[in-house]
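So this one's data-v3.txt, compact mmCIF, C-alpha atoms:
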# COMPACT_ATOMS: atom_id res chain seq x y z
CA MET A 1 146.57 -20.80 -7.39
CA GLN A 2 146.69 -24.12 -5.53
CA VAL A 3 149.94 -25.10 -7.25
CA LYS A 4 151.60 -21.79 -6.29
CA THR A 5 150.50 -22.22 -2.67
CA SER A 6 152.02 -25.72 -2.49
CA ILE A 7 155.29 -24.46 -3.97
CA GLY A 8 155.33 -21.67 -1.39
CA PHE A 9 154.92 -24.10 1.53
CA VAL A 10 157.72 -26.32 0.16
CA GLY A 11 160.01 -23.32 -0.15
CA LEU A 12 159.33 -22.23 3.43
CA ALA A 13 160.02 -25.75 4.70
CA MET A 14 163.33 -25.90 2.83
CA LEU A 15 164.26 -22.48 4.19
CA ALA A 16 163.52 -23.62 7.75
CA VAL A 17 165.64 -26.76 7.32
CA GLY A 18 168.50 -24.72 5.88
CA SER A 19 168.32 -22.20 8.72
CA PHE A 20 168.37 -24.99 11.33
CA TRP A 21 171.42 -26.61 9.69
CA LEU A 22 173.21 -23.26 9.52
CA LEU A 23 172.44 -22.55 13.18
CA LYS A 24 173.76 -25.94 14.32
CA THR A 25 176.90 -25.48 12.20
CA VAL A 26 177.57 -22.05 13.73
CA GLU A 27 176.97 -23.40 17.26
CA SER A 28 179.37 -26.27 16.62
CA GLU A 29 182.06 -23.90 15.34
CA LEU A 30 181.59 -21.63 18.35
CA GLU A 31 181.94 -24.56 20.75
CA VAL A 32 185.18 -25.60 19.08
CA SER A 33 186.57 -22.07 19.12
CA GLU A 34 185.74 -21.60 22.82
CA ALA A 35 187.60 -24.76 23.88
CA PRO A 36 191.05 -24.10 25.40
CA MET A 37 194.03 -24.60 23.17
CA PRO A 38 195.92 -27.82 23.92
CA THR A 39 198.95 -27.40 26.14
CA GLN A 40 202.34 -28.13 24.66
CA PRO A 41 205.59 -28.94 26.47
CA MET A 42 207.96 -26.00 26.22
CA VAL A 43 211.07 -27.09 28.12
CA THR A 44 212.31 -30.45 29.42
CA ALA A 45 215.13 -30.70 31.96
CA TYR A 46 216.74 -33.55 33.86
CA GLY A 47 218.08 -33.85 37.40
CA VAL A 48 216.43 -30.66 38.62
CA PHE A 49 216.56 -29.19 42.14
CA ALA A 50 214.27 -26.29 43.12
CA GLN A 51 213.37 -24.38 46.29
CA TYR A 52 210.16 -22.44 46.90
CA TYR A 53 209.84 -19.61 49.43
CA THR A 54 206.99 -17.76 51.12
CA PRO A 55 206.49 -14.00 50.55
CA THR A 56 208.34 -13.49 53.86
CA HIS A 57 211.44 -15.30 52.52
CA GLN A 58 210.87 -18.53 54.47
CA LEU A 59 211.79 -21.81 52.83
CA GLN A 60 208.45 -23.59 52.31
CA TYR A 61 209.39 -26.69 50.33
CA GLN A 62 212.11 -27.98 48.06
CA LEU A 63 211.82 -30.47 45.24
CA THR A 64 214.18 -32.69 43.26
CA SER A 65 213.09 -34.64 40.20
CA ASP A 66 214.63 -36.94 37.60
CA GLU A 67 212.75 -35.14 34.82
CA VAL A 68 210.86 -31.85 34.67
CA ILE A 69 208.55 -30.69 31.87
CA GLU A 70 207.35 -27.08 31.68
CA TYR A 71 204.07 -26.57 29.80
CA SER A 72 202.50 -23.67 27.93
CA ASN A 73 199.11 -22.01 28.59
CA ARG A 74 199.96 -21.64 32.29
CA TYR A 75 199.32 -25.35 32.79
CA GLY A 76 202.23 -25.65 35.17
CA THR A 77 205.03 -28.16 35.54
CA ALA A 78 205.17 -31.96 35.43
CA PHE A 79 207.71 -34.03 37.38
CA VAL A 80 208.95 -37.61 37.03
CA SER A 81 210.05 -39.37 40.26
CA PRO A 82 209.78 -36.26 42.44
CA ARG A 83 211.15 -36.08 46.00
CA VAL A 84 209.79 -33.29 48.17
CA LEU A 85 210.85 -31.82 51.52
CA ILE A 86 208.05 -29.84 53.20
CA TYR A 87 209.08 -27.53 56.04
CA GLN A 88 207.22 -26.51 59.16
CA PRO A 89 205.58 -23.06 58.90
CA GLN A 90 207.46 -20.50 60.99
CA THR A 91 205.44 -18.24 63.27
CA ALA A 92 208.01 -15.43 63.36
CA PRO A 93 208.89 -13.89 59.98
CA PRO A 94 212.49 -12.97 59.20
CA SER A 95 213.62 -9.66 60.65
CA VAL A 96 213.49 -6.72 58.25
CA SER A 97 215.99 -3.89 58.38
CA PRO A 98 214.24 -0.66 59.50
CA THR A 99 216.44 1.44 57.26
CA SER A 100 216.73 1.28 53.51
CA SER A 101 219.47 2.18 51.10
CA PRO A 102 219.39 5.77 49.77
CA THR A 103 219.32 4.36 46.25
CA SER A 104 216.44 1.97 46.86
CA SER A 105 213.04 2.76 45.40
CA PRO A 106 209.72 2.63 47.33
CA THR A 107 208.79 -0.50 45.38
CA SER A 108 212.02 -2.35 46.22
CA PRO A 109 211.64 -5.44 48.46
CA PRO A 110 212.57 -4.93 52.13
CA ALA A 111 216.10 -5.72 53.20
CA VAL A 112 216.26 -9.03 55.06
CA SER A 113 218.99 -9.55 57.61
CA PRO A 114 221.51 -12.33 56.81
CA ALA A 115 220.91 -13.85 60.25
CA SER A 116 217.24 -14.47 59.45
CA LEU A 117 218.05 -16.06 56.10
CA SER A 118 220.56 -18.42 57.70
CA HIS A 119 217.95 -19.70 60.17
CA SER A 120 217.54 -23.41 59.55
CA PRO A 121 213.95 -24.42 58.71
CA VAL A 122 212.39 -27.40 60.47
CA LEU A 123 211.53 -30.37 58.26
CA ALA A 124 207.88 -31.39 58.72
CA TRP A 125 207.27 -34.08 56.08
CA GLN A 126 209.09 -35.63 53.17
CA ALA A 127 207.20 -36.96 50.16
CA SER A 128 207.73 -38.96 46.98
CA ALA A 129 205.69 -40.33 44.08
CA ALA A 130 206.05 -41.74 40.59
CA LYS A 131 205.03 -38.38 39.13
CA ALA A 132 203.64 -35.02 40.16
CA SER A 133 202.18 -31.83 38.71
CA LEU A 134 202.72 -28.30 40.03
CA SER A 135 200.20 -25.53 39.36
CA GLY A 136 201.25 -22.42 37.47
CA ASP A 137 201.21 -20.34 40.67
CA LYS A 138 203.51 -22.91 42.40
CA ASN A 139 201.05 -23.33 45.29
CA THR A 140 199.44 -26.72 44.57
CA LEU A 141 201.53 -29.85 44.14
CA GLN A 142 199.63 -32.99 43.12
CA LEU A 143 201.48 -36.24 43.89
CA GLN A 144 200.34 -39.12 41.68
CA ASP A 145 200.94 -42.88 41.53
CA ASN A 146 202.27 -44.50 44.71
CA ALA A 147 202.38 -41.29 46.70
CA LEU A 148 204.18 -41.55 50.04
CA ILE A 149 204.70 -38.99 52.79
CA ILE A 150 206.77 -39.52 55.93
CA ARG A 151 206.83 -37.52 59.16
CA MET A 152 209.99 -37.58 61.31
CA PRO A 153 211.74 -40.38 59.37
CA ASP A 154 214.11 -42.73 61.18
CA THR A 155 212.73 -41.87 64.62
CA GLU A 156 210.36 -43.59 67.05
CA ASP A 157 207.64 -41.10 66.11
CA GLU A 158 207.90 -41.80 62.38
CA ILE A 159 204.55 -41.82 60.54
CA THR A 160 204.18 -42.97 56.94
CA ILE A 161 201.08 -42.42 54.81
CA LYS A 162 200.80 -44.21 51.48
CA GLY A 163 198.13 -43.79 48.82
CA GLN A 164 197.48 -43.45 45.12
CA ASP A 165 197.60 -39.67 45.07
CA MET A 166 197.93 -36.74 47.49
CA ARG A 167 197.78 -32.97 47.30
CA TYR A 168 200.05 -30.43 48.98
CA ASP A 169 198.46 -26.97 49.29
CA ALA A 170 201.25 -24.54 50.11
CA ASP A 171 198.91 -21.56 50.53
CA ASN A 172 196.76 -23.28 53.16
CA GLU A 173 199.65 -25.33 54.59
CA ARG A 174 197.88 -28.66 54.19
CA ILE A 175 198.53 -32.14 52.82
CA SER A 176 195.41 -34.15 51.98
CA SER A 177 193.86 -36.92 49.92
CA GLU A 178 190.30 -37.97 49.16
CA ARG A 179 191.32 -41.50 48.22
CA PRO A 180 192.09 -44.46 50.52
CA VAL A 181 195.41 -44.40 52.36
CA VAL A 182 197.39 -46.66 54.69
CA ILE A 183 198.98 -45.08 57.76
CA ARG A 184 201.81 -46.82 59.60
CA HIS A 185 203.40 -45.85 62.90
CA ARG A 186 205.01 -47.61 65.85
CA LEU A 187 201.60 -48.30 67.45
CA GLY A 188 200.14 -50.09 64.45
CA VAL A 189 198.48 -49.67 61.05
CA LYS A 190 195.42 -47.64 60.08
CA HIS A 191 193.30 -47.57 56.92
CA ALA A 192 191.18 -44.55 56.01
CA ASP A 193 189.22 -43.23 53.03
CA GLU A 194 190.58 -39.68 53.44
CA PHE A 195 193.15 -37.78 55.47
CA ASN A 196 194.18 -34.20 56.12
CA VAL A 197 197.40 -32.82 57.63
CA ASP A 198 197.33 -29.26 58.99
CA LEU A 199 200.98 -28.19 58.99
CA ALA A 200 200.36 -25.00 60.96
CA GLN A 201 198.40 -26.75 63.74
CA GLU A 202 200.43 -29.98 63.48
CA THR A 203 197.29 -32.13 63.38
CA LEU A 204 196.45 -35.27 61.41
CA ASP A 205 192.78 -36.13 60.77
CA PHE A 206 191.13 -39.13 59.10
CA ALA A 207 187.67 -39.48 57.56
CA GLY A 208 185.41 -42.07 55.97
CA ASN A 209 185.83 -45.73 56.87
CA VAL A 210 188.68 -45.88 59.38
CA SER A 211 190.08 -49.16 60.72
CA ALA A 212 193.16 -49.89 62.81
CA GLN A 213 195.42 -52.72 63.93
CA TYR A 214 197.38 -51.94 67.08
CA GLN A 215 200.80 -53.36 67.81
CA PRO A 216 201.17 -54.98 71.26
CA ALA A 217 204.47 -55.36 73.06
CA SER A 218 204.98 -58.87 71.64
CA GLY A 219 205.22 -57.46 68.13
CA GLU A 220 202.13 -59.21 66.79
CA PRO A 221 199.21 -57.03 65.61
CA ARG A 222 195.87 -57.50 67.28
Before anything else, please render the file you have as structure tokens.
Amino acid sequence: MQVKTSIGFVGLAMLAVGSFWLLKTVESELEVSEAPMPTQPMVTAYGVFAQYYTPTHQLQYQLTSDEVIEYSNRYGTAFVSPRVLIYQPQTAPPSVSPTSSPTSSPTSPPAVSPASLSHSPVLAWQASAAKASLSGDKNTLQLQDNALIIRMPDTEDEITIKGQDMRYDADNERISSERPVVIRHRLGVKHADEFNVDLAQETLDFAGNVSAQYQPASGEPR
């Protein structure tokens, strides 16, 4: 009787160990299966020019790039040496024709007058970087490696902001970075840990450690 009891305890212990191993194996397989599939490049193009519009047919930004890679799994698009022109948000939407064609369906987009489409947008900032990534919904552009944005280039009011990376949020009409940047303008040079540009309000804010060198009339910083 004692021998049978010992054998029974050993069998239960082996069963418990086997169950634990099986459970860990199943958990490991589930974790692997739940991980997203790796993204793969689908299309590569060179010397690409693209324009992006708001739902009200206003030109929001345009982008040129030496190389463009389109990815699967809705990852988005990657750019090499991108140059971006970001336009000032327009307060008045393009005029819409009050009448529609007899053949148009209720779901057809409204007719936009040619005069409104020919209205020249106002350039707000221009940007460049070594590379960039655009979200699948085309609303978030991440500038990476030596990112540079310039406001009103080649004028007395020119402002340049340089940093490692920056983010353009087309939906919220903002350009921002949470990494240190250097800001240059005719009055001097500033350093900041973060910055935020509100395109709609035309404001530029800095945060974190902010320091400045102002340029006197003699041309020497002080």
Restricting the calculation to only C-alpha atoms: of A:Leu123, A:Met152, A:Val181, A:Val189, which residue gets closest to Asn209 of chain A?
A:Val181
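Atom pair atom CA of Thr56 of chain A / atom CA of Ile175 of chain A has a distance of 21.1 Å (rounded to one decimal).
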Just how far from atom CA of Ile159 of chain A is atom CA of Leu143 of chain A, in Å to one decimal?
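Taking atom CA of Leu143 of chain A and atom CA of Ile159 of chain A, their separation equals 17.8 Å.
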Which neighbours of Leu134 of chain A fall inside 8 Å, counting all atoms listed in the file, when residues of the same chain fewer than 3 positions from it are skipped, and could you give them as a ChimeraX atom specification?
/A:76-78,138-142
Convert the current residue selection to file output with C-alpha atoms, as an mmCIF file, in the coordinates of the input.
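Below is the file that was written, again-v7.cif:
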data_model
loop_
_atom_site.group_PDB
_atom_site.id
_atom_site.type_symbol
_atom_site.label_atom_id
_atom_site.label_comp_id
_atom_site.auth_asym_id
_atom_site.auth_seq_id
_atom_site.Cartn_x
_atom_site.Cartn_y
_atom_site.Cartn_z
ATOM 1 C CA GLY A 76 202.230 -25.650 35.170
ATOM 2 C CA THR A 77 205.030 -28.160 35.540
ATOM 3 C CA ALA A 78 205.170 -31.960 35.430
ATOM 4 C CA LYS A 138 203.510 -22.910 42.400
ATOM 5 C CA ASN A 139 201.050 -23.330 45.290
ATOM 6 C CA THR A 140 199.440 -26.720 44.570
ATOM 7 C CA LEU A 141 201.530 -29.850 44.140
ATOM 8 C CA GLN A 142 199.630 -32.990 43.120
#
Report the distance between atom CA of Gln51 of chain A and atom CA of Ile86 of chain A in Å, rounded to one decimal place.
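If I compute the distance from atom CA of Gln51 of chain A to atom CA of Ile86 of chain A, I get 10.3 Å.
In this comparison, which uses only C-alpha atoms, the residue of A:His185, A:His57, A:Val80, A:Ile69 approaching Thr44 of chain A most closely is A:Ile69.
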Give me the residues within 10 Å of Leu199 of chain A as a VMD selection string, counting all atoms listed in the file and dropping any in the same chain fewer than 6 places off.
chain A and resid 86 to 89 124 to 125 170 172 to 175
In terms of the shortest atom-to-atom distance over all atoms listed in the file, which of A:Asp165, A:Asp157, A:Glu202, A:Asp66 is closest to Gly188 of chain A?
A:Asp157
At a cut-off of 10 Å around the point (192.2, -51.9, 62.6) (file coordinates), what residues fall inside when counting all atoms listed in the file? I'd like the answer as a PyMOL selection string.
chain A and resi 188-192+210-214+221-222
For Arg151 of chain A, the nearest of the candidates A:Thr64, A:Gln58, A:Tyr52, A:Ala127, counting only C-alpha atoms:
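Of all the options, A:Ala127 lies closest to Arg151 of chain A.
For the choices A:Thr54, A:Asn196, A:Thr155, A:Gln215, the atom-to-atom distance to Tyr168 of chain A is smallest for A:Asn196 when using all atoms listed in the file.
The closest residue to Met42 of chain A, picked from A:Ser72, A:Ser81, A:Gln62, A:Gln90 and counting only C-alpha atoms, is A:Ser72.
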